[in-house]
Amino acid sequence: MSDIPATMRAIRYHAVGGPEVLQLDELTTPQPQAGEVLLRVRASGLNYADIARRYGRYLEPTPLPYIPGSEVAGEIVALGPDVAPQGGMQVGAAALALASSGGYAEYIALPARTVVPLPAGFDMAQAAALPLQGLTAYSILHLSGRMQPGETVLVNAAAGGVGTLAVQLAKLGGAGRVVAAAGSDEKLALARELGADETINYATEDLAERVRAITEGKGADVILEPVGGEVFNRSLAALARGGRLVTFGQASGQPGTVDTGRLMARNASVVGFWLAILPARQMAEGMQALMTALGAGKLRVIIGGTYPLADAARAQTDLESRRTTGKLVLTVA
């Protein structure tokens with residue numbers, strides 16, 4: 001590890017709060033322990049979970065000080081003492097990984113089992129944009145949502161990182177109709193470009209009424225809901241008989257309200273989804289499906305903006321504003 005610097009830069013915060021708590025610190029560069037590899041980070045994906053953690057609103061406690069970031073892509077620069085160099089697991093190989101934390105940094109030590117080799121020359125920003133939100137979209141549709149061919153799928157926040165992938169994956173999975181909902185006409189134009197059959201601007205239209213009109217009163221069979229608040233409430237009103245609404249976030253900062261009587265009257269269900277506790281086997285299967293679709297040119301990863309590592313606060317502010325489209329990525333020079 002003689003050519004690896006003793007220190008590195010990382011974005012870290014010591015107290016919960018607004019974007020101003022994020023600071024660029026100089027830390028000791030980690031060394032890979034048994035079963036680990038050291039990755040030189042080239043790109044790190046941003047997610048709403050990063051913001052929820054920063055505010056102290058995440059599903060589990062956040063230890064402080066904390067380096068955010070769950071999706072990373074870069075080059076392997078060192079192997080742990082018991083990691084054998086083989087296949088794509090060798091020094092110099094490009095790779096992507098899902099981490100529990102630590103992605104907003106120049107280097108990160110990761111369990112070798114979480115690292116996925118990348119083809120030479122693969123775009124690092126694209127790679128960092130895929131794992132968390134791609135696995136979320138894929139798992140919600142096929143595991144939690146149990147989407148069947150021919151069904152109607154409603155994708156809320158359809159121009160975001162999960163949404164842009166979910167629209168495409170629903171079409172690839174045989175959905176009969178994909179309805180994209182977002183808060184601006186510009187975002188809906190992107191959703192149509194990605195294959196949405198119908199679009200709804202929930203800033204100006206009643207979501208439930210429009211879904212009912214589009215489906216001739218039936219409603220949506222599968223609904224992806226990461227916004228919370230009124231969007232959740234109107235999505236629940238748009239469920240078909242036997243429909244499944246999967247909630248996986250509260251980007252609005254407000255919870256939704258579940259009317260159990262409405263669920264009973266329609267034999268419908270509300271399902272929660274959290275990628276962090278998805279079994280490793282299902283993660284591997286989902287990642288393989290995503291990489292196959294991407295390699296075949298059937299899946300586009302939409303990058304809505306890239307930011308230098310030092311601008312992490314600005315990037316999170318832009319993401320939190322919900323005015324962005326696609327995936328936001330930090331690049332590490």
# chains A, B, ... in the order shown; residues from 1 in each chain; ligands from 1

call {"tool": "residues_around", "arguments": {"residues": "region 2-16 of chain A", "least_positions_apart": "2", "cutoff": "12 Å", "atoms": "only C-alpha atoms", "output": "PDB file with C-alpha atoms, in the first residue's frame"}}
result
ATOM      1  CA  GLY A  18     -29.294  20.771   7.925  1.00  0.00           C
ATOM      2  CA  PRO A  19     -26.787  20.627   5.057  1.00  0.00           C
ATOM      3  CA  GLU A  20     -24.499  22.982   6.961  1.00  0.00           C
ATOM      4  CA  VAL A  21     -23.443  20.139   9.308  1.00  0.00           C
ATOM      5  CA  LEU A  22     -21.627  18.404   6.430  1.00  0.00           C
ATOM      6  CA  GLN A  23     -17.921  19.178   6.526  1.00  0.00           C
ATOM      7  CA  LEU A  24     -14.876  18.088   4.551  1.00  0.00           C
ATOM      8  CA  ASP A  25     -12.521  16.354   6.986  1.00  0.00           C
ATOM      9  CA  GLU A  26      -9.074  14.842   6.577  1.00  0.00           C
ATOM     10  CA  LEU A  27      -8.991  11.343   8.030  1.00  0.00           C
ATOM     11  CA  THR A  28      -6.656   8.378   8.178  1.00  0.00           C
ATOM     12  CA  THR A  29      -7.020   6.219   5.076  1.00  0.00           C
ATOM     13  CA  PRO A  30      -8.532   2.854   6.085  1.00  0.00           C
ATOM     14  CA  GLN A  31      -6.651  -0.396   5.539  1.00  0.00           C
ATOM     15  CA  LEU A  38      -9.892  -1.177  -0.320  1.00  0.00           C
ATOM     16  CA  LEU A  39     -11.632   0.816  -3.026  1.00  0.00           C
ATOM     17  CA  ARG A  40     -10.410   4.114  -4.438  1.00  0.00           C
ATOM     18  CA  VAL A  41     -13.741   5.899  -4.812  1.00  0.00           C
ATOM     19  CA  SER A  44     -20.681   7.985  -4.912  1.00  0.00           C
ATOM     20  CA  ASP A  50     -28.562  10.188   3.369  1.00  0.00           C
ATOM     21  CA  ILE A  51     -30.754  13.190   4.117  1.00  0.00           C
ATOM     22  CA  ALA A  52     -32.994  11.285   6.538  1.00  0.00           C
ATOM     23  CA  ARG A  53     -29.887  10.176   8.455  1.00  0.00           C
ATOM     24  CA  ARG A  54     -28.510  13.710   8.542  1.00  0.00           C
ATOM     25  CA  TYR A  55     -31.715  14.943  10.160  1.00  0.00           C
ATOM     26  CA  GLY A  56     -31.807  11.991  12.579  1.00  0.00           C
ATOM     27  CA  ARG A  57     -34.985  10.597  10.974  1.00  0.00           C
ATOM     28  CA  TYR A  58     -33.664   7.326   9.613  1.00  0.00           C
ATOM     29  CA  PRO A  61     -29.852   5.267  14.874  1.00  0.00           C
ATOM     30  CA  THR A  62     -26.938   6.966  13.116  1.00  0.00           C
ATOM     31  CA  PRO A  63     -23.610   6.775  15.003  1.00  0.00           C
ATOM     32  CA  LEU A  64     -21.740  10.092  15.139  1.00  0.00           C
ATOM     33  CA  PRO A  65     -19.472  11.270  13.678  1.00  0.00           C
ATOM     34  CA  TYR A  66     -20.791   9.784  10.448  1.00  0.00           C
ATOM     35  CA  ILE A  67     -19.638   9.537   6.833  1.00  0.00           C
ATOM     36  CA  PRO A  68     -22.712   9.105   4.603  1.00  0.00           C
ATOM     37  CA  GLY A  69     -22.867   7.282   1.296  1.00  0.00           C
ATOM     38  CA  ILE A  76      -9.651  -1.845  -6.097  1.00  0.00           C
ATOM     39  CA  VAL A  77      -6.306  -0.666  -4.734  1.00  0.00           C
ATOM     40  CA  ALA A  78      -5.593  -3.239  -2.017  1.00  0.00           C
ATOM     41  CA  SER A 101     -21.844   3.944   5.158  1.00  0.00           C
ATOM     42  CA  GLY A 102     -18.627   5.744   4.235  1.00  0.00           C
ATOM     43  CA  GLY A 103     -19.180   6.388   0.526  1.00  0.00           C
ATOM     44  CA  TYR A 104     -18.611  10.164   0.620  1.00  0.00           C
ATOM     45  CA  ALA A 105     -14.848   9.657   0.788  1.00  0.00           C
ATOM     46  CA  GLU A 106     -11.758   9.137  -1.324  1.00  0.00           C
ATOM     47  CA  TYR A 107     -11.221   5.588  -0.039  1.00  0.00           C
ATOM     48  CA  ILE A 108     -13.451   2.959   1.549  1.00  0.00           C
ATOM     49  CA  PRO A 308     -17.387  17.375  -6.609  1.00  0.00           C
ATOM     50  CA  LEU A 309     -16.998  15.669  -3.235  1.00  0.00           C
ATOM     51  CA  ALA A 310     -16.495  19.031  -1.517  1.00  0.00           C
ATOM     52  CA  ASP A 311     -19.929  20.164  -2.759  1.00  0.00           C
ATOM     53  CA  ALA A 312     -21.848  17.408  -0.966  1.00  0.00           C
ATOM     54  CA  ALA A 313     -23.923  19.958   0.984  1.00  0.00           C
ATOM     55  CA  GLN A 316     -27.968  17.197  -0.812  1.00  0.00           C
ATOM     56  CA  LEU A 330     -20.617  12.897  -6.174  1.00  0.00           C
ATOM     57  CA  VAL A 332     -14.051  12.137  -6.553  1.00  0.00           C
ATOM     58  CA  ALA A 333     -11.109  13.460  -8.545  1.00  0.00           C
TER      59      ALA A 333
END

call {"tool": "closest_atom_pairs", "arguments": {"of": "region 80-160 of chain A", "to": "region 217-237 of chain A", "cutoff": "7 Å", "atoms": "only C-alpha atoms", "output": "CSV"}}
result
residue,atom,partner,partner_atom,distance
A:Gly145,CA,A:Val222,CA,5.9
A:Met147,CA,A:Val222,CA,6.6
A:Glu151,CA,A:Asp221,CA,6.0
A:Thr152,CA,A:Ala220,CA,5.2
A:Val153,CA,A:Val222,CA,4.8
A:Leu154,CA,A:Ile223,CA,4.7
A:Val155,CA,A:Leu224,CA,5.0
A:Asn156,CA,A:Glu225,CA,5.6

call {"tool": "atom_distance", "arguments": {"atom1": "CA of Gln133 (chain A)", "atom2": "CA of Leu165 (chain A)"}}
result
7.7 Å

call {"tool": "select_by_dssp", "arguments": {"residues": "region 247-322 of chain A", "states": "strand (DSSP E or B)", "output": "MDAnalysis selection string"}}
result
chainID A and resid 247 269:272 303:308

call {"tool": "atom_distance", "arguments": {"atom1": "CA of Ala159 (chain A)", "atom2": "CA of Leu275 (chain A)"}}
result
20.0 Å

call {"tool": "residues_around", "arguments": {"residues": "Leu96 (chain A)", "least_positions_apart": "4", "cutoff": "8 Å", "atoms": "only C-alpha atoms", "output": "list in words"}}
result
Glu71, Val72, Ala73, Gly74, Val115, Val116, Pro117, Leu118, Ala127 and Ala128 of chain A

call {"tool": "residues_around", "arguments": {"residues": "Leu79 (chain A)", "least_positions_apart": "5", "cutoff": "7 Å", "atoms": "only C-alpha atoms", "output": "number ranges by chain"}}
result
A: 32, 36-38

call {"tool": "closest_residue", "arguments": {"among": "A:Thr317, A:Asn47, A:Ser269, A:Gln250", "to": "Ala129 (chain A)", "atoms": "only C-alpha atoms"}}
result
A:Asn47

call {"tool": "closest_residue", "arguments": {"among": "A:Pro279, A:Gly286, A:Gly35, A:Gly249", "to": "Leu141 (chain A)", "atoms": "only C-alpha atoms"}}
result
A:Gly286

call {"tool": "select_by_dssp", "arguments": {"residues": "region 16-254 of chain A", "states": "helix (DSSP H, G or I)", "output": "ChimeraX atom specification"}}
result
/A:19-21,48-55,112-114,124-129,131-144,161-172,185-193,207-214,229-237

call {"tool": "residues_around", "arguments": {"residues": "Ala265 (chain A)", "least_positions_apart": "2", "cutoff": "12 Å", "atoms": "only C-alpha atoms", "output": "mmCIF file with N, CA and C atoms, in the first residue's frame"}}
result
data_model
loop_
_atom_site.group_PDB
_atom_site.id
_atom_site.type_symbol
_atom_site.label_atom_id
_atom_site.label_comp_id
_atom_site.auth_asym_id
_atom_site.auth_seq_id
_atom_site.Cartn_x
_atom_site.Cartn_y
_atom_site.Cartn_z
ATOM 1 N N ALA A 237 -55.964 5.762 -2.136
ATOM 2 C CA ALA A 237 -57.306 5.846 -2.721
ATOM 3 C C ALA A 237 -57.337 5.357 -4.156
ATOM 4 N N LEU A 239 -55.795 2.536 -5.229
ATOM 5 C CA LEU A 239 -55.508 1.105 -5.311
ATOM 6 C C LEU A 239 -56.674 0.313 -5.885
ATOM 7 N N ALA A 240 -56.351 -0.631 -6.732
ATOM 8 C CA ALA A 240 -57.353 -1.547 -7.268
ATOM 9 C C ALA A 240 -57.696 -2.631 -6.243
ATOM 10 N N ARG A 241 -58.727 -3.397 -6.499
ATOM 11 C CA ARG A 241 -59.014 -4.559 -5.668
ATOM 12 C C ARG A 241 -57.824 -5.520 -5.750
ATOM 13 N N GLY A 242 -57.372 -5.961 -4.592
ATOM 14 C CA GLY A 242 -56.210 -6.833 -4.570
ATOM 15 C C GLY A 242 -54.899 -6.112 -4.827
ATOM 16 N N GLY A 243 -54.941 -4.772 -4.875
ATOM 17 C CA GLY A 243 -53.750 -3.993 -5.187
ATOM 18 C C GLY A 243 -52.745 -3.967 -4.053
ATOM 19 N N ASP A 259 -55.947 3.886 5.964
ATOM 20 C CA ASP A 259 -57.358 3.656 6.272
ATOM 21 C C ASP A 259 -57.598 2.155 6.152
ATOM 22 N N THR A 260 -57.630 1.463 7.273
ATOM 23 C CA THR A 260 -57.753 0.009 7.236
ATOM 24 C C THR A 260 -59.088 -0.442 6.632
ATOM 25 N N GLY A 261 -60.113 0.368 6.814
ATOM 26 C CA GLY A 261 -61.398 0.023 6.202
ATOM 27 C C GLY A 261 -61.310 -0.001 4.688
ATOM 28 N N ARG A 262 -60.567 0.961 4.116
ATOM 29 C CA ARG A 262 -60.394 0.996 2.664
ATOM 30 C C ARG A 262 -59.643 -0.249 2.184
ATOM 31 N N LEU A 263 -58.650 -0.672 2.963
ATOM 32 C CA LEU A 263 -57.907 -1.880 2.597
ATOM 33 C C LEU A 263 -58.821 -3.102 2.610
ATOM 34 N N ASN A 267 -59.633 -5.702 -0.421
ATOM 35 C CA ASN A 267 -58.660 -6.792 -0.290
ATOM 36 C C ASN A 267 -57.278 -6.315 -0.722
ATOM 37 N N ALA A 268 -56.966 -5.075 -0.398
ATOM 38 C CA ALA A 268 -55.712 -4.455 -0.808
ATOM 39 C C ALA A 268 -54.703 -4.499 0.341
ATOM 40 N N SER A 269 -53.465 -4.163 0.038
ATOM 41 C CA SER A 269 -52.434 -4.215 1.068
ATOM 42 C C SER A 269 -51.448 -3.065 0.918
#

call {"tool": "closest_atom_pairs", "arguments": {"of": "region 161-206 of chain A", "to": "region 287-293 of chain A", "cutoff": "12 Å", "atoms": "only C-alpha atoms", "output": "tab-separated table"}}
result
residue	atom	partner	partner_atom	distance
A:Leu165	CA	A:Leu290	CA	9.8
A:Ala166	CA	A:Leu290	CA	11.3
A:Gln168	CA	A:Ala293	CA	10.2
A:Leu169	CA	A:Leu290	CA	8.9
A:Leu172	CA	A:Ala293	CA	8.9
A:Gly173	CA	A:Ala293	CA	11.1

call {"tool": "residues_around", "arguments": {"residues": "Gly326 (chain A)", "least_positions_apart": "6", "cutoff": "12 Å", "atoms": "only C-alpha atoms", "output": "JSON, numbers by chain"}}
result
{"A": [45, 46, 47, 126, 129, 130, 133, 134, 157, 158, 159, 160, 161, 162, 163, 164, 165, 166, 167, 187, 188, 190, 191, 194, 300, 301, 302, 303, 304, 305, 306, 318, 319]}

call {"tool": "closest_residue", "arguments": {"among": "A:Ser184, A:Asn201, A:Ser144, A:Gln33", "to": "Thr247 (chain A)", "atoms": "only C-alpha atoms"}}
result
A:Ser144

call {"tool": "atom_distance", "arguments": {"atom1": "CA of Ala109 (chain A)", "atom2": "CA of Gly80 (chain A)"}}
result
9.2 Å

call {"tool": "closest_residue", "arguments": {"among": "A:Leu59, A:Ala125, A:Ala284, A:Ala175", "to": "Tyr307 (chain A)", "atoms": "only C-alpha atoms"}}
result
A:Ala125

call {"tool": "closest_residue", "arguments": {"among": "A:Leu110, A:Leu245, A:Leu143, A:Ala97", "to": "Pro131 (chain A)", "atoms": "only C-alpha atoms"}}
result
A:Ala97

call {"tool": "closest_residue", "arguments": {"among": "A:Gly121, A:Ala112, A:Ala213, A:Gly272", "to": "Pro85 (chain A)", "atoms": "only C-alpha atoms"}}
result
A:Ala112
